[in-house]
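A short worksheet on the structure shown next.
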Amino acid sequence: MQDPFKNIKNDFPIFNQSAENNIIYMDNAATTQKPTAVLDAMSNYYSSCNSNVFRAIHRWGEESTREYEKARRQIAGFINAKESCEVIFTSGTTDGINLVASSFCRKHTSPGDEIILTEMEHHSNIVPWQIASEQYDLSLKYVSVTDRGELDRESLSRLWSKKTKLLALTHMSNVLGTINPVKAIIQEAHSHGIPVLLDGAQSVPHLPVDVQDLDCDFLAFSGHKMCAPTGIGVLYGKKQFLQELPPCKGGGEMIRNVYPDHSEWNSLPHKFEAGTPHIAGAIGLGAAVTYLNRIGMDTIQKKEHELTAILLGGLQDIPGIDIYGKAEKRGGIVCFTREGTHSHDLAQYMDSRGIALRAGHHCAHILARELEAGDFLI
Ligand code: PMP
């Protein structure tokens with residue numbers, strides 16, 4: 001069989017620039033580059049049928065709606081959602097988590113209730129819960145992280161209480177690369193009657209994710225980290241949860257009827273998609289999952305595993321480098337510090353050599369503090 005990665009850079013026009021403008025791009029956890037298949041799908045939409053969705057009776061409007069809903073079905077298939085109405089288009093992971101934090105806490109919590117998070121969360125899976133906890137008088141509990149960079153399952157088992165209302169955790173750490181054993185954790189949460197939200201920002205682009213197999217109640221992820229454009233993402237939710245949650249944004253298309261003093265909500269998924277959506281973005285995300293599926297998520301995970309082993313092996317041989325995160329199950333994210341060097345200086349030096357790295361606290365203050373690494377992470 002032909003190696004699907006042999007000429008893969010040719011799929012990405014950004015890498016076809018002149019040598020002096022080109023870089024070795026290793027900042028994929030922040031955002032990925034876009035293949036021609038995605039750029040063409042979006043450009044084709046704008047140049048063939050650009051119109052608003054659900055509103056128009058004319059042929060372009062109908063074609064736009066068909067393409068937008070086709071993308072929803074493609075994405076539902078990609079994560080194996082039972083029904084495509086369980087796929088809500090959002091602007092990204094952050095937006096999806098904010099939706100759940102706002103709507104779930106409004107519907108299902110009372111003062112004094114508790115939400116469980118972990119110390120390895122990205123700020124996107126912390127701050128929305130802090131805002132909700134201030135509004136609804138909740139408290140936040142944190143699962144600790146071991147020296148290996150894995151979740152401390154015993155600390156989780158001590159946190160369950162009668163007041164726990166939800167567990168929100170990352171599937172793959174954007175700092176340590178750790179792949180959390182979310183299937184077992186979800187089973188544990190469900191045995192306490194607690195629903196689980198997964199932050200899939202780093203997992204959905206890099207490994208096969210099957211929401212029915214994992215049995216997660218919510219899953220949020222971003223298109224731009226998986227070859228699709230910025231400004232589009234997905235919140236998956238089990239139909240039963242989404243049906244009972246109130247919307248958190250009001251506007252066009254999310255209503256069935258509007259009266260002077262109240263409104264009635266539209267059915268799923270439209271209840272959560274107020275206003276004109278990012279139609280081209282959704283179509284781009286549909287094209288991106290088709291692109292990734294063509295390579296195969298198993299194949300992608302296996303390749304990343306091989307590349308990560310090479311990178312870790314090389315880094316270990318460099319004096320003064322400290323690698324963070326030694327989890328048994330891990331993805332392709334590798335994080336380190338260099339003794340006596342600020343990460344920004346190192347990143348600038350690497351840029352001068354044509355290599356793009358991420359430097360700083362990686363949007364994970366709590367974990368960076370726990371690792372005693374501050375802004376020094378690469
Ligand atoms: N969660 C994790 C684990 C992430 O890595 C990121 C992005 N770095 C986010 C959430 C936020 O994603 P976005 O900015 O696309 O909403």
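Ligands are numbered from 1 in the order shown, residues from 1 within each chain, and chains are lettered A, B, ... in the order they appear in the structure tokens.
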How would you write, as an mmCIF file with N, CA and C atoms, in the first residue's frame, the set of residues no farther than 10 Å from ligand 1 when counting only C-alpha atoms and all ligand atoms?
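Saved to selection.cif:
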data_model
loop_
_atom_site.group_PDB
_atom_site.id
_atom_site.type_symbol
_atom_site.label_atom_id
_atom_site.label_comp_id
_atom_site.auth_asym_id
_atom_site.auth_seq_id
_atom_site.Cartn_x
_atom_site.Cartn_y
_atom_site.Cartn_z
ATOM 1 N N ASN A 28 1.108 22.790 15.729
ATOM 2 C CA ASN A 28 -0.194 22.252 15.326
ATOM 3 C C ASN A 28 -1.211 22.167 16.461
ATOM 4 N N ALA A 29 -0.723 22.139 17.712
ATOM 5 C CA ALA A 29 -1.679 22.100 18.822
ATOM 6 C C ALA A 29 -2.410 23.436 18.916
ATOM 7 N N ALA A 30 -1.770 24.513 18.442
ATOM 8 C CA ALA A 30 -2.420 25.829 18.445
ATOM 9 C C ALA A 30 -3.378 25.928 17.268
ATOM 10 N N THR A 31 -2.904 25.616 16.086
ATOM 11 C CA THR A 31 -3.787 25.515 14.911
ATOM 12 C C THR A 31 -3.038 24.780 13.803
ATOM 13 N N THR A 90 -20.540 25.348 16.521
ATOM 14 C CA THR A 90 -20.142 26.430 17.423
ATOM 15 C C THR A 90 -18.991 27.169 16.751
ATOM 16 N N SER A 91 -18.395 28.124 17.478
ATOM 17 C CA SER A 91 -17.221 28.779 16.884
ATOM 18 C C SER A 91 -15.939 28.042 17.282
ATOM 19 N N GLY A 92 -16.026 27.058 18.173
ATOM 20 C CA GLY A 92 -14.835 26.301 18.567
ATOM 21 C C GLY A 92 -15.041 25.655 19.932
ATOM 22 N N THR A 93 -13.996 25.030 20.410
ATOM 23 C CA THR A 93 -14.057 24.333 21.695
ATOM 24 C C THR A 93 -14.510 25.278 22.814
ATOM 25 N N THR A 94 -13.889 26.454 22.851
ATOM 26 C CA THR A 94 -14.201 27.430 23.899
ATOM 27 C C THR A 94 -15.692 27.743 23.899
ATOM 28 N N ASP A 95 -16.231 27.982 22.721
ATOM 29 C CA ASP A 95 -17.651 28.324 22.593
ATOM 30 C C ASP A 95 -18.532 27.166 23.075
ATOM 31 N N GLY A 96 -18.166 25.942 22.696
ATOM 32 C CA GLY A 96 -18.963 24.767 23.088
ATOM 33 C C GLY A 96 -18.977 24.571 24.598
ATOM 34 N N ILE A 97 -17.810 24.752 25.217
ATOM 35 C CA ILE A 97 -17.747 24.561 26.676
ATOM 36 C C ILE A 97 -18.540 25.671 27.377
ATOM 37 N N ASN A 98 -18.411 26.895 26.854
ATOM 38 C CA ASN A 98 -19.203 27.996 27.442
ATOM 39 C C ASN A 98 -20.696 27.717 27.337
ATOM 40 N N MET A 120 -5.162 19.612 34.766
ATOM 41 C CA MET A 120 -4.497 19.697 33.459
ATOM 42 C C MET A 120 -5.380 20.346 32.397
ATOM 43 N N GLU A 121 -6.404 21.087 32.828
ATOM 44 C CA GLU A 121 -7.291 21.693 31.828
ATOM 45 C C GLU A 121 -6.700 22.956 31.209
ATOM 46 N N HIS A 122 -7.028 23.144 29.944
ATOM 47 C CA HIS A 122 -6.804 24.410 29.247
ATOM 48 C C HIS A 122 -7.734 25.445 29.888
ATOM 49 N N HIS A 123 -7.355 26.709 29.833
ATOM 50 C CA HIS A 123 -8.206 27.757 30.429
ATOM 51 C C HIS A 123 -9.639 27.714 29.906
ATOM 52 N N SER A 124 -9.802 27.220 28.679
ATOM 53 C CA SER A 124 -11.153 27.130 28.096
ATOM 54 C C SER A 124 -12.056 26.179 28.860
ATOM 55 N N ASN A 125 -11.441 25.253 29.598
ATOM 56 C CA ASN A 125 -12.268 24.324 30.380
ATOM 57 C C ASN A 125 -12.157 24.629 31.878
ATOM 58 N N ILE A 126 -11.792 25.845 32.188
ATOM 59 C CA ILE A 126 -11.760 26.285 33.591
ATOM 60 C C ILE A 126 -12.591 27.562 33.752
ATOM 61 N N LEU A 169 -13.514 17.315 31.647
ATOM 62 C CA LEU A 169 -12.068 17.055 31.577
ATOM 63 C C LEU A 169 -11.593 16.938 30.143
ATOM 64 N N THR A 170 -10.291 17.117 29.994
ATOM 65 C CA THR A 170 -9.713 17.031 28.656
ATOM 66 C C THR A 170 -9.437 15.573 28.293
ATOM 67 N N HIS A 171 -9.645 15.266 27.011
ATOM 68 C CA HIS A 171 -9.350 13.914 26.528
ATOM 69 C C HIS A 171 -7.833 13.777 26.346
ATOM 70 N N MET A 172 -7.236 14.823 25.723
ATOM 71 C CA MET A 172 -5.763 14.816 25.601
ATOM 72 C C MET A 172 -5.231 16.173 26.073
ATOM 73 N N SER A 173 -4.227 16.141 26.954
ATOM 74 C CA SER A 173 -3.664 17.384 27.483
ATOM 75 C C SER A 173 -2.916 18.148 26.391
ATOM 76 N N ASN A 174 -3.195 19.445 26.287
ATOM 77 C CA ASN A 174 -2.498 20.273 25.290
ATOM 78 C C ASN A 174 -1.097 20.654 25.762
ATOM 79 N N VAL A 175 -0.747 20.288 27.010
ATOM 80 C CA VAL A 175 0.598 20.578 27.519
ATOM 81 C C VAL A 175 1.428 19.290 27.564
ATOM 82 N N GLY A 177 0.490 16.125 26.568
ATOM 83 C CA GLY A 177 0.219 15.101 25.562
ATOM 84 C C GLY A 177 -0.488 13.875 26.116
ATOM 85 N N LEU A 198 -16.345 16.142 27.665
ATOM 86 C CA LEU A 198 -14.952 15.965 27.236
ATOM 87 C C LEU A 198 -14.518 17.160 26.400
ATOM 88 N N ASP A 199 -13.325 17.694 26.727
ATOM 89 C CA ASP A 199 -12.694 18.681 25.873
ATOM 90 C C ASP A 199 -11.887 17.874 24.850
ATOM 91 N N GLY A 200 -12.391 17.844 23.624
ATOM 92 C CA GLY A 200 -11.754 17.036 22.578
ATOM 93 C C GLY A 200 -10.891 17.854 21.642
ATOM 94 N N ALA A 201 -10.491 19.065 22.071
ATOM 95 C CA ALA A 201 -9.730 19.958 21.169
ATOM 96 C C ALA A 201 -8.478 19.278 20.625
ATOM 97 N N GLN A 202 -7.807 18.482 21.485
ATOM 98 C CA GLN A 202 -6.563 17.847 21.035
ATOM 99 C C GLN A 202 -6.742 16.379 20.657
ATOM 100 N N SER A 203 -7.841 15.768 21.057
ATOM 101 C CA SER A 203 -8.001 14.343 20.741
ATOM 102 C C SER A 203 -8.695 14.120 19.399
ATOM 103 N N ALA A 220 -16.604 18.710 23.094
ATOM 104 C CA ALA A 220 -16.393 19.965 22.356
ATOM 105 C C ALA A 220 -15.066 19.889 21.613
ATOM 106 N N PHE A 221 -15.049 20.365 20.365
ATOM 107 C CA PHE A 221 -13.782 20.436 19.626
ATOM 108 C C PHE A 221 -13.803 21.557 18.593
ATOM 109 N N SER A 222 -12.605 21.866 18.078
ATOM 110 C CA SER A 222 -12.405 23.017 17.178
ATOM 111 C C SER A 222 -12.017 22.555 15.788
ATOM 112 N N GLY A 223 -12.618 23.162 14.765
ATOM 113 C CA GLY A 223 -12.252 22.826 13.391
ATOM 114 C C GLY A 223 -10.814 23.190 13.044
ATOM 115 N N HIS A 224 -10.353 24.352 13.536
ATOM 116 C CA HIS A 224 -9.061 24.862 13.062
ATOM 117 C C HIS A 224 -7.875 24.015 13.517
ATOM 118 N N LYS A 225 -8.102 23.108 14.481
ATOM 119 C CA LYS A 225 -7.013 22.222 14.911
ATOM 120 C C LYS A 225 -7.021 20.912 14.126
ATOM 121 N N THR A 230 -10.651 28.541 10.916
ATOM 122 C CA THR A 230 -10.937 29.076 12.251
ATOM 123 C C THR A 230 -12.411 29.495 12.307
ATOM 124 N N GLY A 231 -12.920 29.620 13.524
ATOM 125 C CA GLY A 231 -14.282 30.137 13.701
ATOM 126 C C GLY A 231 -15.372 29.091 13.567
ATOM 127 N N ILE A 232 -14.994 27.819 13.401
ATOM 128 C CA ILE A 232 -15.998 26.752 13.351
ATOM 129 C C ILE A 232 -15.564 25.640 14.306
ATOM 130 N N GLY A 233 -16.530 25.091 15.014
ATOM 131 C CA GLY A 233 -16.249 23.979 15.915
ATOM 132 C C GLY A 233 -17.546 23.223 16.155
ATOM 133 N N HIS A 362 1.130 27.956 27.724
ATOM 134 C CA HIS A 362 0.253 27.047 26.982
ATOM 135 C C HIS A 362 -1.209 27.135 27.432
ATOM 136 N N CYS A 363 -1.653 28.310 27.881
ATOM 137 C CA CYS A 363 -3.058 28.503 28.319
ATOM 138 C C CYS A 363 -3.434 27.504 29.404
ATOM 139 N N ALA A 364 -2.478 27.204 30.271
ATOM 140 C CA ALA A 364 -2.757 26.244 31.347
ATOM 141 C C ALA A 364 -2.022 26.697 32.609
#
Taking a cut-off of 10 Å and counting only C-alpha atoms, can you build a table that, for each residue of segment 260-328 of chain A near segment 68-76 of chain A, reports the nearest atom pair and how far apart they are in Å (one decimal), sorted by chain then residue number, as CSV?
residue,atom,partner,partner_atom,distance
A:Pro269,CA,A:Arg72,CA,9.9
A:Pro277,CA,A:Tyr68,CA,9.5
A:His278,CA,A:Tyr68,CA,9.3
A:Ile279,CA,A:Tyr68,CA,6.1
A:Ala280,CA,A:Tyr68,CA,8.0
A:Gly281,CA,A:Tyr68,CA,9.1
A:Ala282,CA,A:Ala71,CA,6.1
A:Ile283,CA,A:Ala71,CA,5.5
A:Gly284,CA,A:Ala71,CA,8.2
A:Leu285,CA,A:Ala71,CA,7.1
A:Gly286,CA,A:Ala71,CA,4.4
A:Ala287,CA,A:Ala71,CA,7.7
A:Ala288,CA,A:Ile75,CA,9.4
A:Val289,CA,A:Ile75,CA,6.8
A:Thr290,CA,A:Gln74,CA,7.6
Surrounding residues of segment 129-139 of chain A excluding itself and chain neighbours under 6 positions, 9 Å, only C-alpha atoms, as number ranges by chain: A: 97-98, 101-102, 105-106, 109-117
File of the preceding selection, N, CA, C and O atoms, as an mmCIF file, in the first residue's frame:
data_model
loop_
_atom_site.group_PDB
_atom_site.id
_atom_site.type_symbol
_atom_site.label_atom_id
_atom_site.label_comp_id
_atom_site.auth_asym_id
_atom_site.auth_seq_id
_atom_site.Cartn_x
_atom_site.Cartn_y
_atom_site.Cartn_z
ATOM 1 N N ILE A 97 -17.810 24.752 25.217
ATOM 2 C CA ILE A 97 -17.747 24.561 26.676
ATOM 3 C C ILE A 97 -18.540 25.671 27.377
ATOM 4 O O ILE A 97 -19.273 25.412 28.345
ATOM 5 N N ASN A 98 -18.411 26.895 26.854
ATOM 6 C CA ASN A 98 -19.203 27.996 27.442
ATOM 7 C C ASN A 98 -20.696 27.717 27.337
ATOM 8 O O ASN A 98 -21.457 28.026 28.257
ATOM 9 N N ALA A 101 -21.464 25.145 30.037
ATOM 10 C CA ALA A 101 -21.317 25.722 31.378
ATOM 11 C C ALA A 101 -22.511 26.627 31.679
ATOM 12 O O ALA A 101 -23.085 26.587 32.777
ATOM 13 N N SER A 102 -22.898 27.406 30.694
ATOM 14 C CA SER A 102 -23.995 28.349 30.914
ATOM 15 C C SER A 102 -25.350 27.627 31.002
ATOM 16 O O SER A 102 -26.095 27.790 31.971
ATOM 17 N N CYS A 105 -25.543 24.625 33.862
ATOM 18 C CA CYS A 105 -25.577 25.112 35.253
ATOM 19 C C CYS A 105 -26.894 25.823 35.530
ATOM 20 O O CYS A 105 -27.440 25.714 36.625
ATOM 21 N N ARG A 106 -27.415 26.528 34.525
ATOM 22 C CA ARG A 106 -28.705 27.209 34.719
ATOM 23 C C ARG A 106 -29.810 26.182 34.977
ATOM 24 O O ARG A 106 -30.657 26.364 35.841
ATOM 25 N N THR A 109 -28.266 23.044 38.283
ATOM 26 C CA THR A 109 -27.542 23.226 39.551
ATOM 27 C C THR A 109 -28.310 24.116 40.526
ATOM 28 O O THR A 109 -29.136 24.937 40.122
ATOM 29 N N SER A 110 -27.984 23.926 41.814
ATOM 30 C CA SER A 110 -28.509 24.777 42.891
ATOM 31 C C SER A 110 -27.291 25.273 43.665
ATOM 32 O O SER A 110 -26.213 24.651 43.615
ATOM 33 N N PRO A 111 -27.456 26.374 44.429
ATOM 34 C CA PRO A 111 -26.317 26.893 45.195
ATOM 35 C C PRO A 111 -25.666 25.799 46.039
ATOM 36 O O PRO A 111 -26.360 24.989 46.653
ATOM 37 N N GLY A 112 -24.334 25.775 46.033
ATOM 38 C CA GLY A 112 -23.601 24.783 46.826
ATOM 39 C C GLY A 112 -23.210 23.551 46.032
ATOM 40 O O GLY A 112 -22.395 22.743 46.486
ATOM 41 N N ASP A 113 -23.775 23.379 44.835
ATOM 42 C CA ASP A 113 -23.412 22.209 44.014
ATOM 43 C C ASP A 113 -21.959 22.308 43.538
ATOM 44 O O ASP A 113 -21.352 23.387 43.575
ATOM 45 N N GLU A 114 -21.454 21.160 43.067
ATOM 46 C CA GLU A 114 -20.031 21.098 42.710
ATOM 47 C C GLU A 114 -19.824 20.617 41.272
ATOM 48 O O GLU A 114 -20.561 19.759 40.791
ATOM 49 N N ILE A 115 -18.821 21.184 40.634
ATOM 50 C CA ILE A 115 -18.379 20.745 39.301
ATOM 51 C C ILE A 115 -16.952 20.243 39.477
ATOM 52 O O ILE A 115 -16.133 20.905 40.125
ATOM 53 N N ILE A 116 -16.647 19.086 38.896
ATOM 54 C CA ILE A 116 -15.279 18.561 38.990
ATOM 55 C C ILE A 116 -14.524 18.847 37.690
ATOM 56 O O ILE A 116 -15.028 18.550 36.591
ATOM 57 N N LEU A 117 -13.339 19.427 37.834
ATOM 58 C CA LEU A 117 -12.421 19.682 36.709
ATOM 59 C C LEU A 117 -11.103 18.980 37.031
ATOM 60 O O LEU A 117 -10.997 18.337 38.075
#
Each segment 197-223 of chain A residue no farther than 10 Å from segment 297-320 of chain A, nearest pair in Å, only C-alpha atoms, as JSON lines:
{"residue": "A:Ser203", "atom": "CA", "partner": "A:Gln301", "partner_atom": "CA", "distance": 9.9}
{"residue": "A:Val204", "atom": "CA", "partner": "A:Met297", "partner_atom": "CA", "distance": 9.1}
{"residue": "A:Pro205", "atom": "CA", "partner": "A:Met297", "partner_atom": "CA", "distance": 8.2}
{"residue": "A:His206", "atom": "CA", "partner": "A:Gln301", "partner_atom": "CA", "distance": 5.8}
{"residue": "A:Leu207", "atom": "CA", "partner": "A:Gln301", "partner_atom": "CA", "distance": 5.3}
{"residue": "A:Pro208", "atom": "CA", "partner": "A:Met297", "partner_atom": "CA", "distance": 5.3}
{"residue": "A:Val209", "atom": "CA", "partner": "A:Met297", "partner_atom": "CA", "distance": 8.8}
In Å to one decimal, how far is atom CA of His270 of chain A from atom CA of Val53 of chain A?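 Separation between atom CA of Val53 of chain A and atom CA of His270 of chain A: 11.3 Å.
Using only C-alpha atoms, the residues found no farther than 8 Å from Ile23 of chain A, other than those of its own chain fewer than 6 positions away, are Phe15, Gly354, Ile355 and Ala356 of chain A.
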Using the selection just defined, write its residues with all heavy atoms as a PDB file, in the first residue's frame.
ATOM      1  N   PHE A  15       2.805  25.355   2.317  1.00  0.00           N
ATOM      2  CA  PHE A  15       4.180  24.841   2.309  1.00  0.00           C
ATOM      3  C   PHE A  15       4.832  24.937   0.924  1.00  0.00           C
ATOM      4  O   PHE A  15       5.977  24.545   0.751  1.00  0.00           O
ATOM      5  CB  PHE A  15       4.218  23.388   2.807  1.00  0.00           C
ATOM      6  CG  PHE A  15       3.815  23.263   4.256  1.00  0.00           C
ATOM      7  CD1 PHE A  15       2.733  22.481   4.631  1.00  0.00           C
ATOM      8  CD2 PHE A  15       4.515  23.945   5.247  1.00  0.00           C
ATOM      9  CE1 PHE A  15       2.353  22.379   5.975  1.00  0.00           C
ATOM     10  CE2 PHE A  15       4.146  23.860   6.578  1.00  0.00           C
ATOM     11  CZ  PHE A  15       3.057  23.072   6.944  1.00  0.00           C
ATOM     12  N   GLY A 354      14.094  28.776  11.254  1.00  0.00           N
ATOM     13  CA  GLY A 354      12.992  28.306  10.403  1.00  0.00           C
ATOM     14  C   GLY A 354      12.111  27.245  11.037  1.00  0.00           C
ATOM     15  O   GLY A 354      11.467  26.461  10.337  1.00  0.00           O
ATOM     16  N   ILE A 355      12.070  27.221  12.368  1.00  0.00           N
ATOM     17  CA  ILE A 355      11.245  26.217  13.049  1.00  0.00           C
ATOM     18  C   ILE A 355      10.254  26.918  13.980  1.00  0.00           C
ATOM     19  O   ILE A 355      10.664  27.703  14.843  1.00  0.00           O
ATOM     20  CB  ILE A 355      12.124  25.229  13.857  1.00  0.00           C
ATOM     21  CG1 ILE A 355      13.054  24.483  12.891  1.00  0.00           C
ATOM     22  CG2 ILE A 355      11.258  24.241  14.637  1.00  0.00           C
ATOM     23  CD1 ILE A 355      14.097  23.630  13.574  1.00  0.00           C
ATOM     24  N   ALA A 356       8.965  26.646  13.788  1.00  0.00           N
ATOM     25  CA  ALA A 356       7.924  27.307  14.591  1.00  0.00           C
ATOM     26  C   ALA A 356       7.520  26.428  15.769  1.00  0.00           C
ATOM     27  O   ALA A 356       7.054  25.299  15.576  1.00  0.00           O
ATOM     28  CB  ALA A 356       6.700  27.586  13.720  1.00  0.00           C
TER      29      ALA A 356
END
From the options A:Lys165, A:Trp60, A:Leu377, A:Leu235, which residue's atoms come nearest to Ile323 of chain A, counting only C-alpha atoms? A:Leu377
Which polymer residues have any atom within 12 Å of an atom of Gln240 of chain A, counting only C-alpha atoms, with same-chain residues fewer than 5 positions away left out, as a PDB file with C-alpha atoms, in the first residue's frame?
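Result file is out.pdb:
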ATOM      1  CA  LYS A  82     -26.178   8.446  16.877  1.00  0.00           C
ATOM      2  CA  GLU A  83     -28.014  11.315  15.160  1.00  0.00           C
ATOM      3  CA  CYS A  85     -29.012  16.660  15.431  1.00  0.00           C
ATOM      4  CA  GLU A  86     -26.577  15.915  18.270  1.00  0.00           C
ATOM      5  CA  PRO A 195     -22.616  13.335  33.271  1.00  0.00           C
ATOM      6  CA  ASP A 217     -22.463  13.190  27.421  1.00  0.00           C
ATOM      7  CA  PHE A 218     -20.833  16.212  25.768  1.00  0.00           C
ATOM      8  CA  LEU A 245     -31.066  22.323  28.139  1.00  0.00           C
ATOM      9  CA  LEU A 268     -32.352  20.423  17.738  1.00  0.00           C
TER      10      LEU A 268
END
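Ranking A:Asp375, A:Asp11, A:Asp261, A:Glu20 by their shortest atom-to-atom distance to Pro35 of chain A, with only C-alpha atoms included, puts A:Asp11 first.
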Name the residues of segment 70-251 of chain A that come out as strand (DSSP E or B) in a backbone DSSP run; write them as JSON, numbers by chain. {"A": [87, 88, 89, 90, 114, 115, 116, 117, 118, 139, 140, 141, 142, 143, 145, 151, 164, 165, 166, 167, 168, 169, 170, 172, 178, 179, 196, 197, 198, 199, 218, 219, 220, 221, 222, 233, 234, 235, 236, 237]}
How would the residues just picked look written out with N, CA and C atoms as a compact mmCIF listing (two decimals), in the first residue's frame?
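Result written to part15.txt:
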# COMPACT_ATOMS: atom_id res chain seq x y z
N VAL A 87 -25.11 17.13 16.77
CA VAL A 87 -23.94 17.94 16.39
C VAL A 87 -24.37 19.40 16.28
N ILE A 88 -23.88 20.22 17.19
CA ILE A 88 -24.19 21.66 17.18
C ILE A 88 -22.97 22.38 16.65
N PHE A 89 -23.15 23.22 15.64
CA PHE A 89 -22.02 24.02 15.17
C PHE A 89 -21.79 25.19 16.12
N THR A 90 -20.54 25.35 16.52
CA THR A 90 -20.14 26.43 17.42
C THR A 90 -18.99 27.17 16.75
N GLU A 114 -21.45 21.16 43.07
CA GLU A 114 -20.03 21.10 42.71
C GLU A 114 -19.82 20.62 41.27
N ILE A 115 -18.82 21.18 40.63
CA ILE A 115 -18.38 20.75 39.30
C ILE A 115 -16.95 20.24 39.48
N ILE A 116 -16.65 19.09 38.90
CA ILE A 116 -15.28 18.56 38.99
C ILE A 116 -14.52 18.85 37.69
N LEU A 117 -13.34 19.43 37.83
CA LEU A 117 -12.42 19.68 36.71
C LEU A 117 -11.10 18.98 37.03
N THR A 118 -10.10 19.15 36.19
CA THR A 118 -8.79 18.58 36.53
C THR A 118 -7.73 19.68 36.43
N SER A 139 -19.25 25.34 43.60
CA SER A 139 -17.81 25.28 43.87
C SER A 139 -17.14 24.30 42.90
N LEU A 140 -15.88 24.60 42.59
CA LEU A 140 -15.11 23.81 41.63
C LEU A 140 -14.11 22.95 42.37
N LYS A 141 -14.05 21.68 42.00
CA LYS A 141 -13.08 20.74 42.62
C LYS A 141 -12.14 20.28 41.51
N TYR A 142 -10.89 20.08 41.86
CA TYR A 142 -9.88 19.73 40.84
C TYR A 142 -9.24 18.37 41.11
N VAL A 143 -9.23 17.52 40.10
CA VAL A 143 -8.49 16.26 40.17
C VAL A 143 -7.01 16.60 40.00
N VAL A 145 -2.81 15.95 39.36
CA VAL A 145 -2.02 15.30 38.31
C VAL A 145 -0.77 14.69 38.96
N LEU A 151 -3.65 11.70 35.27
CA LEU A 151 -4.63 12.09 36.29
C LEU A 151 -4.53 11.14 37.47
N THR A 164 -22.05 16.78 43.59
CA THR A 164 -21.42 16.82 42.26
C THR A 164 -22.49 16.81 41.18
N LYS A 165 -22.33 17.72 40.20
CA LYS A 165 -23.32 17.80 39.12
C LYS A 165 -22.74 17.45 37.76
N LEU A 166 -21.43 17.63 37.59
CA LEU A 166 -20.84 17.34 36.28
C LEU A 166 -19.31 17.23 36.40
N LEU A 167 -18.72 16.38 35.56
CA LEU A 167 -17.26 16.29 35.45
C LEU A 167 -16.89 16.80 34.06
N ALA A 168 -15.96 17.75 34.01
CA ALA A 168 -15.50 18.26 32.71
C ALA A 168 -13.99 18.07 32.64
N LEU A 169 -13.51 17.32 31.65
CA LEU A 169 -12.07 17.05 31.58
C LEU A 169 -11.59 16.94 30.14
N THR A 170 -10.29 17.12 29.99
CA THR A 170 -9.71 17.03 28.66
C THR A 170 -9.44 15.57 28.29
N MET A 172 -7.24 14.82 25.72
CA MET A 172 -5.76 14.82 25.60
C MET A 172 -5.23 16.17 26.07
N THR A 178 -0.71 13.85 27.42
CA THR A 178 -1.35 12.70 28.06
C THR A 178 -2.74 12.43 27.47
N ILE A 179 -2.98 11.16 27.12
CA ILE A 179 -4.33 10.76 26.71
C ILE A 179 -4.99 10.16 27.94
N VAL A 196 -20.64 13.67 31.90
CA VAL A 196 -19.25 14.07 31.63
C VAL A 196 -19.15 14.87 30.33
N LEU A 197 -18.44 15.99 30.42
CA LEU A 197 -18.08 16.76 29.23
C LEU A 197 -16.62 16.50 28.92
N LEU A 198 -16.34 16.14 27.67
CA LEU A 198 -14.95 15.97 27.24
C LEU A 198 -14.52 17.16 26.40
N ASP A 199 -13.33 17.69 26.73
CA ASP A 199 -12.69 18.68 25.87
C ASP A 199 -11.89 17.87 24.85
N PHE A 218 -21.15 15.06 26.61
CA PHE A 218 -20.83 16.21 25.77
C PHE A 218 -19.39 16.07 25.29
N LEU A 219 -19.13 16.60 24.08
CA LEU A 219 -17.76 16.62 23.55
C LEU A 219 -17.62 17.91 22.74
N ALA A 220 -16.60 18.71 23.09
CA ALA A 220 -16.39 19.97 22.36
C ALA A 220 -15.07 19.89 21.61
N PHE A 221 -15.05 20.36 20.37
CA PHE A 221 -13.78 20.44 19.63
C PHE A 221 -13.80 21.56 18.59
N SER A 222 -12.60 21.87 18.08
CA SER A 222 -12.40 23.02 17.18
C SER A 222 -12.02 22.56 15.79
N GLY A 233 -16.53 25.09 15.01
CA GLY A 233 -16.25 23.98 15.92
C GLY A 233 -17.55 23.22 16.15
N VAL A 234 -17.47 22.25 17.04
CA VAL A 234 -18.63 21.40 17.27
C VAL A 234 -18.81 21.17 18.76
N LEU A 235 -20.07 21.24 19.16
CA LEU A 235 -20.43 20.68 20.46
C LEU A 235 -21.32 19.48 20.17
N TYR A 236 -20.83 18.28 20.53
CA TYR A 236 -21.69 17.10 20.50
C TYR A 236 -22.35 16.99 21.86
N GLY A 237 -23.63 16.65 21.88
CA GLY A 237 -24.30 16.37 23.14
C GLY A 237 -25.29 15.25 22.93
